[in-house]
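A.B. asks: Okay, handing you the structure first.
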Amino acid sequence: LGREKINVKATMISALINIVLNIFLIPMFKQNGAAITTVISEFFVAAYCLKKFENINEYLNIKNWLKNLIQALIGCVIVVSVVIKSIFVNTLIRIGAIIILSVFIYTLELLMLKNEIIFSVINKINNKLV
């Protein structure tokens, strides 16, 4: 899109945010602190670029993007955090179950919430099979 300067600036600021947050959060929360700082930094890059890109609506439907983000968060928080952790004790089995069950439940969630992207993927698969 010819907006590399914006992306580079966002990435540099994000790296600085990540380093500063890591200094405080890693000693307290270990690997979870590092994960949290990475999510915050990446969110900053996305938010900064969305704010700075002119005519972003030509390339991205913000309303649909936010809807998809909320659906993803619902699926991740409910399934992974609550259900899987309470069922499986063994770490390897828990990881495998999280991956398999998350994909399955998230797909069902997208279908139930009538997500446009999942229906478009299904239509493309059906067209190739026919």
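If you're wondering about the labels, chains in the structure tokens are A, B, ... by order shown, residues count from 1 in each chain, ligands from 1 in order shown.
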Quick one: everything within 10 Å of range 109-124 of chain A, counting only C-alpha atoms, minus sequence neighbours fewer than 3 positions away in the same chain. Send it as a PDB file with N, CA and C atoms, in the first residue's frame.

C.D. replies:
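And here's out.pdb as it stands now:
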```pdb
ATOM      1  N   ASN A  64     -16.772  -5.441  10.243  1.00  0.00           N
ATOM      2  CA  ASN A  64     -16.626  -6.897  10.160  1.00  0.00           C
ATOM      3  C   ASN A  64     -15.383  -7.378  10.897  1.00  0.00           C
ATOM      4  N   LYS A  67     -16.150  -7.418  14.566  1.00  0.00           N
ATOM      5  CA  LYS A  67     -17.066  -8.537  14.835  1.00  0.00           C
ATOM      6  C   LYS A  67     -16.288  -9.853  14.880  1.00  0.00           C
ATOM      7  N   ASN A  68     -15.391 -10.061  13.909  1.00  0.00           N
ATOM      8  CA  ASN A  68     -14.581 -11.280  13.892  1.00  0.00           C
ATOM      9  C   ASN A  68     -13.654 -11.356  15.092  1.00  0.00           C
ATOM     10  N   GLN A  71     -15.691 -12.374  18.122  1.00  0.00           N
ATOM     11  CA  GLN A  71     -16.028 -13.795  18.031  1.00  0.00           C
ATOM     12  C   GLN A  71     -14.827 -14.665  18.401  1.00  0.00           C
ATOM     13  N   ALA A  72     -13.652 -14.281  17.927  1.00  0.00           N
ATOM     14  CA  ALA A  72     -12.447 -15.047  18.240  1.00  0.00           C
ATOM     15  C   ALA A  72     -12.154 -15.007  19.741  1.00  0.00           C
ATOM     16  N   ILE A  74     -14.280 -14.530  22.214  1.00  0.00           N
ATOM     17  CA  ILE A  74     -15.279 -15.327  22.923  1.00  0.00           C
ATOM     18  C   ILE A  74     -14.899 -16.803  22.865  1.00  0.00           C
ATOM     19  N   GLY A  75     -14.579 -17.267  21.668  1.00  0.00           N
ATOM     20  CA  GLY A  75     -14.209 -18.668  21.491  1.00  0.00           C
ATOM     21  C   GLY A  75     -12.982 -19.050  22.288  1.00  0.00           C
ATOM     22  N   VAL A 103     -10.401 -25.617  17.524  1.00  0.00           N
ATOM     23  CA  VAL A 103     -10.736 -25.509  16.103  1.00  0.00           C
ATOM     24  C   VAL A 103     -12.192 -25.911  15.868  1.00  0.00           C
ATOM     25  N   PHE A 104     -12.600 -27.018  16.453  1.00  0.00           N
ATOM     26  CA  PHE A 104     -13.968 -27.517  16.269  1.00  0.00           C
ATOM     27  C   PHE A 104     -15.007 -26.542  16.833  1.00  0.00           C
ATOM     28  N   ILE A 105     -14.816 -26.109  18.081  1.00  0.00           N
ATOM     29  CA  ILE A 105     -15.798 -25.236  18.720  1.00  0.00           C
ATOM     30  C   ILE A 105     -15.806 -23.851  18.091  1.00  0.00           C
ATOM     31  N   TYR A 106     -14.630 -23.357  17.712  1.00  0.00           N
ATOM     32  CA  TYR A 106     -14.569 -22.043  17.077  1.00  0.00           C
ATOM     33  C   TYR A 106     -15.288 -22.069  15.730  1.00  0.00           C
ATOM     34  N   ASN A 127     -17.590 -25.402  -4.161  1.00  0.00           N
ATOM     35  CA  ASN A 127     -17.399 -25.165  -5.592  1.00  0.00           C
ATOM     36  C   ASN A 127     -16.266 -26.003  -6.163  1.00  0.00           C
ATOM     37  N   LYS A 128     -15.213 -26.214  -5.381  1.00  0.00           N
ATOM     38  CA  LYS A 128     -14.079 -27.013  -5.866  1.00  0.00           C
ATOM     39  C   LYS A 128     -14.408 -28.496  -5.856  1.00  0.00           C
ATOM     40  N   LEU A 129     -15.278 -28.930  -4.958  1.00  0.00           N
ATOM     41  CA  LEU A 129     -15.643 -30.340  -4.882  1.00  0.00           C
ATOM     42  C   LEU A 129     -16.629 -30.732  -5.982  1.00  0.00           C
TER      43      LEU A 129
END
```

A.B. asks: Which residues, written as a PyMOL selection string, have at least one atom at most 10 Å from range 38-42 of chain A, with only C-alpha atoms counted and residues fewer than 3 positions away on the same chain left out?

C.D. replies: chain A and resi 10-11+13-19+21-22+32-35+45-48

A.B. asks: Take CA of Leu108 in chain A and CA of Asn57 in chain A and report the distance between them in Å, one decimal.

C.D. replies: 28.5 Å
